[in-house]
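Trainee: File coords_25.txt follows (compact mmCIF, C-alpha atoms):
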# COMPACT_ATOMS: atom_id res chain seq x y z
CA MET A 1 0.00 0.00 0.00
CA ASN A 2 1.37 3.37 -0.92
CA ASP A 3 1.10 6.32 1.42
CA PRO A 4 -0.56 9.07 -0.64
CA VAL A 5 1.64 11.70 0.95
CA ALA A 6 4.78 10.60 2.73
CA LEU A 7 6.46 13.90 3.53
CA PRO A 8 8.19 13.67 6.91
CA GLY A 9 6.58 15.86 9.55
CA MET A 10 3.49 16.68 7.50
CA ASP A 11 0.43 17.39 9.62
CA PRO A 12 -1.94 14.40 9.33
CA ILE A 13 -4.97 16.66 8.76
CA ASP A 14 -3.13 18.25 5.82
CA ARG A 15 -2.21 14.77 4.54
CA LEU A 16 -5.89 13.81 4.58
CA ALA A 17 -6.76 17.00 2.65
CA VAL A 18 -4.25 15.96 -0.06
CA LEU A 19 -5.83 12.50 -0.18
CA GLU A 20 -9.28 14.10 -0.49
CA ALA A 21 -8.11 16.25 -3.41
CA GLY A 22 -6.91 13.12 -5.22
CA LEU A 23 -10.16 11.19 -4.79
CA PRO A 24 -13.02 12.82 -6.72
CA GLY A 25 -16.29 12.27 -4.89
CA ALA A 26 -14.65 11.66 -1.51
CA VAL A 27 -16.46 13.12 1.47
CA VAL A 28 -14.68 14.48 4.53
CA ARG A 29 -15.74 15.94 7.84
CA ARG A 30 -13.61 17.43 10.59
CA ARG A 31 -14.68 17.60 14.22
CA ARG A 32 -13.15 19.06 17.36
CA ILE A 33 -13.54 16.34 19.97
CA ALA A 34 -13.48 17.34 23.63
CA ALA A 35 -11.05 14.60 24.63
CA PRO A 36 -7.26 14.32 24.64
CA PHE A 37 -5.56 12.96 21.54
CA ASP A 38 -4.58 9.68 23.25
CA ALA A 39 -8.20 8.92 24.22
CA VAL A 40 -9.48 9.66 20.71
CA TRP A 41 -6.71 7.72 19.01
CA ARG A 42 -7.30 4.68 21.24
CA VAL A 43 -10.83 4.53 19.76
CA ILE A 44 -9.58 4.83 16.17
CA ALA A 45 -6.71 2.35 16.64
CA ASP A 46 -8.88 -0.34 18.27
CA LEU A 47 -10.18 -1.38 14.87
CA GLU A 48 -11.59 -4.78 15.81
CA ASN A 49 -13.66 -3.49 18.74
CA THR A 50 -14.72 0.00 17.73
CA VAL A 51 -15.23 0.04 13.95
CA PRO A 52 -18.40 -2.10 14.23
CA ARG A 53 -19.64 0.31 16.93
CA TYR A 54 -19.48 3.44 14.79
CA GLU A 55 -19.65 2.12 11.19
CA PRO A 56 -23.18 0.81 10.51
CA ALA A 57 -22.11 -1.23 7.45
CA VAL A 58 -19.55 -3.28 9.41
CA ALA A 59 -20.73 -6.26 11.46
CA ARG A 60 -17.22 -7.44 12.31
CA LEU A 61 -13.61 -6.54 11.56
CA ARG A 62 -10.62 -8.82 12.11
CA ILE A 63 -6.93 -8.10 11.78
CA VAL A 64 -5.58 -11.13 9.92
CA GLU A 65 -2.00 -9.94 9.41
CA GLU A 66 0.17 -7.30 11.04
CA ARG A 67 3.58 -6.05 9.89
CA GLY A 68 4.38 -2.98 11.97
CA GLU A 69 2.00 -0.23 10.88
CA PHE A 70 0.78 -2.28 7.89
CA LEU A 71 -2.30 -4.42 8.50
CA ARG A 72 -4.44 -6.81 6.51
CA LEU A 73 -8.08 -6.71 7.58
CA LEU A 74 -11.10 -8.87 6.91
CA VAL A 75 -14.29 -6.82 7.10
CA GLU A 76 -17.65 -8.56 7.41
CA GLU A 77 -20.64 -6.51 6.31
CA GLY A 78 -24.09 -6.87 7.85
CA SER A 79 -25.09 -9.00 4.85
CA GLY A 80 -22.36 -11.51 5.73
CA ARG A 81 -20.16 -10.56 2.77
CA GLU A 82 -16.45 -10.38 3.64
CA ASP A 83 -14.03 -7.94 2.06
CA PRO A 84 -10.26 -7.85 2.55
CA MET A 85 -8.70 -4.44 3.22
CA ASP A 86 -5.17 -3.15 3.52
CA ALA A 87 -4.53 -0.65 6.28
CA ARG A 88 -1.79 1.61 7.53
CA LEU A 89 -2.13 2.63 11.16
CA ARG A 90 0.13 4.91 13.15
CA PRO A 91 -0.60 7.65 15.70
CA GLY A 92 -2.65 10.35 13.99
CA TRP A 93 -3.07 8.47 10.70
CA CYS A 94 -5.25 5.53 9.66
CA LEU A 95 -5.77 4.62 6.01
CA MET A 96 -7.86 1.58 5.07
CA GLN A 97 -8.60 0.58 1.50
CA SER A 98 -10.05 -2.22 -0.56
CA ASP A 99 -10.98 -2.56 -4.21
CA ALA A 100 -14.27 -0.81 -3.41
CA VAL A 101 -13.59 1.77 -0.71
CA VAL A 102 -11.04 4.11 0.88
CA VAL A 103 -11.54 5.15 4.51
CA ALA A 104 -9.14 7.41 6.39
CA PHE A 105 -8.78 9.15 9.72
CA ALA A 106 -6.33 11.88 10.66
CA ALA A 107 -5.97 13.51 14.05
CA ARG A 108 -3.87 15.95 15.99
CA PRO A 109 -4.01 17.55 19.43
CA LEU A 110 -5.82 20.90 19.58
CA ASP A 111 -5.78 22.96 22.79
CA GLY A 112 -6.40 20.01 25.14
CA ALA A 113 -8.88 18.49 22.69
CA THR A 114 -8.43 16.65 19.39
CA LEU A 115 -9.11 17.64 15.80
CA LEU A 116 -10.30 14.51 14.01
CA ALA A 117 -10.90 14.29 10.25
CA HIS A 118 -12.67 11.37 8.58
CA LEU A 119 -12.72 10.58 4.85
CA GLU A 120 -14.82 8.05 2.96
CA HIS A 121 -14.62 7.31 -0.75
CA ARG A 122 -16.21 4.56 -2.83
CA ARG A 123 -14.15 3.60 -5.86
CA VAL A 124 -17.28 2.46 -7.74
CA ARG A 125 -18.81 5.63 -9.18
CA ASP A 126 -22.49 4.75 -8.80
CA ALA A 127 -21.96 3.86 -5.12
CA ALA A 128 -19.84 6.89 -4.23
CA PRO A 129 -20.48 8.51 -0.83
CA GLY A 130 -20.52 11.81 -2.73
CA GLY A 131 -22.85 10.08 -5.15
CA ASP A 132 -24.21 11.56 -8.31
CA GLY A 133 -26.11 14.38 -6.68
CA PRO A 134 -26.44 16.71 -3.70
CA ARG A 135 -28.78 14.36 -1.79
CA ASP A 136 -26.25 11.51 -1.98
CA ARG A 137 -23.49 13.81 -0.75
CA ASP A 138 -25.68 15.18 2.04
CA ALA A 139 -26.51 11.62 3.16
CA ALA A 140 -22.82 10.66 3.13
CA LEU A 141 -21.88 13.74 5.17
CA ALA A 142 -24.69 13.03 7.67
CA LYS A 143 -23.41 9.44 8.03
CA ILE A 144 -19.86 10.65 8.73
CA ASP A 145 -21.18 13.24 11.22
CA GLU A 146 -22.96 10.45 13.12
CA GLU A 147 -19.81 8.31 13.09
CA LEU A 148 -17.77 11.21 14.50
CA ARG A 149 -20.36 11.76 17.25
CA THR A 150 -20.16 8.07 18.16
CA ILE A 151 -16.33 8.18 18.20
CA GLU A 152 -16.53 11.20 20.51
CA ARG A 153 -18.89 9.34 22.87
CA LEU A 154 -16.52 6.36 22.91
CA ALA A 155 -13.50 8.61 23.58
CA THR A 156 -15.16 10.62 26.35
CA GLY A 157 -17.08 7.76 27.96
CA VAL A 158 -20.32 9.76 27.74
Output the structure of this file as structure tokens.
Mentor:
Amino acid sequence: MNDPVALPGMDPIDRLAVLEAGLPGAVVRRRRIAAPFDAVWRVIADLENTVPRYEPAVARLRIVEERGEFLRLLVEEGSGREDPMDARLRPGWCLMQSDAVVVAFAARPLDGATLLAHLEHRRVRDAAPGGDGPRDRDAALAKIDEELRTIERLATGV
């Protein structure tokens, strides 16, 4: 898996913005979460336990291979279909991708809180989160907003 932007010291939120620019139809939201970076990143990094809690399409996620920050995942959808994904996970940066989808998180500390950005992109045009119209894009943004609210609840324990 290639890192879309591998400049040393680049802010992860900026890295996600570059990724967004290279993926037409990608949708991104940023949220200031009232929790320290370590608490927020624990939620993001605990892929097997938390992804099914905030991502409605995922019934189960398993890490089937781990080589440092490179992971191979098996994602089971609610329908029972399983999709393999490659992931890169390090503090402040999580990029997961399959033949059908790209999902990314970027985070950095912000005045005792955390700025968290979340990107979703479907590689298949007719199924794109940004879709073919404003309603599709609005629905995708609303979905990401709900996921970010759930991540915040998990990070703050509220």
Trainee: Give the answer as one residue: which of A:Arg108, A:Val75, A:Arg122, A:Pro12 has the shortest atom-to-atom distance to Ala26 (chain A), using only C-alpha atoms?
Mentor: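 Going through A:Arg108, A:Val75, A:Arg122, A:Pro12 one by one, the smallest distance to Ala26 (chain A) is for A:Arg122.
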Trainee: Enter the distance from CA of Glu69 (chain A) to CA of Leu89 (chain A), in Å, rounded to one decimal.
Mentor: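 According to the coordinates, CA of Glu69 (chain A) and CA of Leu89 (chain A) are separated by 5.0 Å.
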Trainee: Counting all atoms listed in the file, which of A:Val64, A:Leu16, A:Ala21, A:Ile151 gets nearest to Pro52 (chain A)?
Mentor: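 Ranking A:Val64, A:Leu16, A:Ala21, A:Ile151 by distance to Pro52 (chain A), first place goes to A:Ile151.
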Trainee: Figure out the distance between CA of Arg88 (chain A) and CA of Leu71 (chain A), please, to one decimal in Å.
Mentor: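 A separation of 6.1 Å between them.
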Trainee: Could I get the residues of region 13-88 of chain A with an atom no further than 10 Å from an atom of region 140-143 of chain A, each paired with its nearest atom pair and that distance in Å to one decimal, using all atoms listed in the file, sorted by chain and residue number, as JSON lines?
Mentor:
{"residue": "A:Ala26", "atom": "CA", "partner": "A:Ala140", "partner_atom": "CA", "distance": 9.4}
{"residue": "A:Val27", "atom": "CA", "partner": "A:Leu141", "partner_atom": "CA", "distance": 6.6}
{"residue": "A:Val28", "atom": "CA", "partner": "A:Leu141", "partner_atom": "CA", "distance": 7.3}
{"residue": "A:Arg29", "atom": "CA", "partner": "A:Leu141", "partner_atom": "CA", "distance": 7.0}
{"residue": "A:Tyr54", "atom": "CA", "partner": "A:Lys143", "partner_atom": "CA", "distance": 9.9}
{"residue": "A:Glu55", "atom": "CA", "partner": "A:Lys143", "partner_atom": "CA", "distance": 8.8}
{"residue": "A:Pro56", "atom": "CA", "partner": "A:Lys143", "partner_atom": "CA", "distance": 9.0}
Trainee: Would you save the residues from that selection as a PDB file, in the coordinates of the input, using C-alpha atoms?
Mentor:
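again-v3.pdb, written as the output of this step:
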ATOM      1  CA  ALA A  26     -14.650  11.660  -1.510  1.00  0.00           C
ATOM      2  CA  VAL A  27     -16.460  13.120   1.470  1.00  0.00           C
ATOM      3  CA  VAL A  28     -14.680  14.480   4.530  1.00  0.00           C
ATOM      4  CA  ARG A  29     -15.740  15.940   7.840  1.00  0.00           C
ATOM      5  CA  TYR A  54     -19.480   3.440  14.790  1.00  0.00           C
ATOM      6  CA  GLU A  55     -19.650   2.120  11.190  1.00  0.00           C
ATOM      7  CA  PRO A  56     -23.180   0.810  10.510  1.00  0.00           C
TER       8      PRO A  56
END
Trainee: Which one is closest to Ala113 (chain A): A:Met85, A:Ala155, A:Leu47, A:Val18? Count only C-alpha atoms.
Mentor: A:Ala155
Trainee: Using all atoms listed in the file, list the residues that have an atom at most 12 Å from (4.4, 13.8, 15.5), coordinates as in the file, as a VMD selection string.
Mentor: chain A and resid 8 to 13 37 90 to 93 106 to 109
Trainee: Check the smallest atom-to-atom distance from each of A:His121, A:Arg53, A:Arg60, A:Arg31 to Asp99 (chain A) using all atoms listed in the file, then report the winner.
Mentor: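 Closest to Asp99 (chain A) of all the choices is A:His121.
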Trainee: For CA of Arg135 (chain A) and CA of Asp14 (chain A), determine how far apart the two atoms are, in Å to one decimal place.
Mentor: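 Between CA of Arg135 (chain A) and CA of Asp14 (chain A) the gap is 27.0 Å.
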Trainee: Name the closest residue to Trp41 (chain A) among the candidates A:Val102, A:Cys94, A:Leu119, A:Ala139; distances are taken between atoms, counting only C-alpha atoms.
Mentor: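 Checking each candidate against Trp41 (chain A), we get A:Cys94 as the closest.
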Trainee: Quick one: residues within 10 Å of Ala39 (chain A), only C-alpha atoms, excluding same-chain residues fewer than 6 positions away - as an MDAnalysis selection string?
Mentor: chainID A and resid 113:114 152 154:157
Trainee: The selected residues should be written to file as a PDB file, in the frame of the given file (atoms: C-alpha atoms).
Mentor:
ATOM      1  CA  ALA A 113      -8.880  18.490  22.690  1.00  0.00           C
ATOM      2  CA  THR A 114      -8.430  16.650  19.390  1.00  0.00           C
ATOM      3  CA  GLU A 152     -16.530  11.200  20.510  1.00  0.00           C
ATOM      4  CA  LEU A 154     -16.520   6.360  22.910  1.00  0.00           C
ATOM      5  CA  ALA A 155     -13.500   8.610  23.580  1.00  0.00           C
ATOM      6  CA  THR A 156     -15.160  10.620  26.350  1.00  0.00           C
ATOM      7  CA  GLY A 157     -17.080   7.760  27.960  1.00  0.00           C
TER       8      GLY A 157
END
Trainee: Which is closest to Arg149 (chain A) among A:Leu110, A:Met96, A:Leu61, A:Leu116, if we use all atoms listed in the file?
Mentor: A:Leu116
Trainee: Would you mind listing what lies within 7 Å of Arg30 (chain A) as number ranges by chain, with all atoms listed in the file counted and same-chain residues fewer than 3 positions away left out?
Mentor: A: 115-118
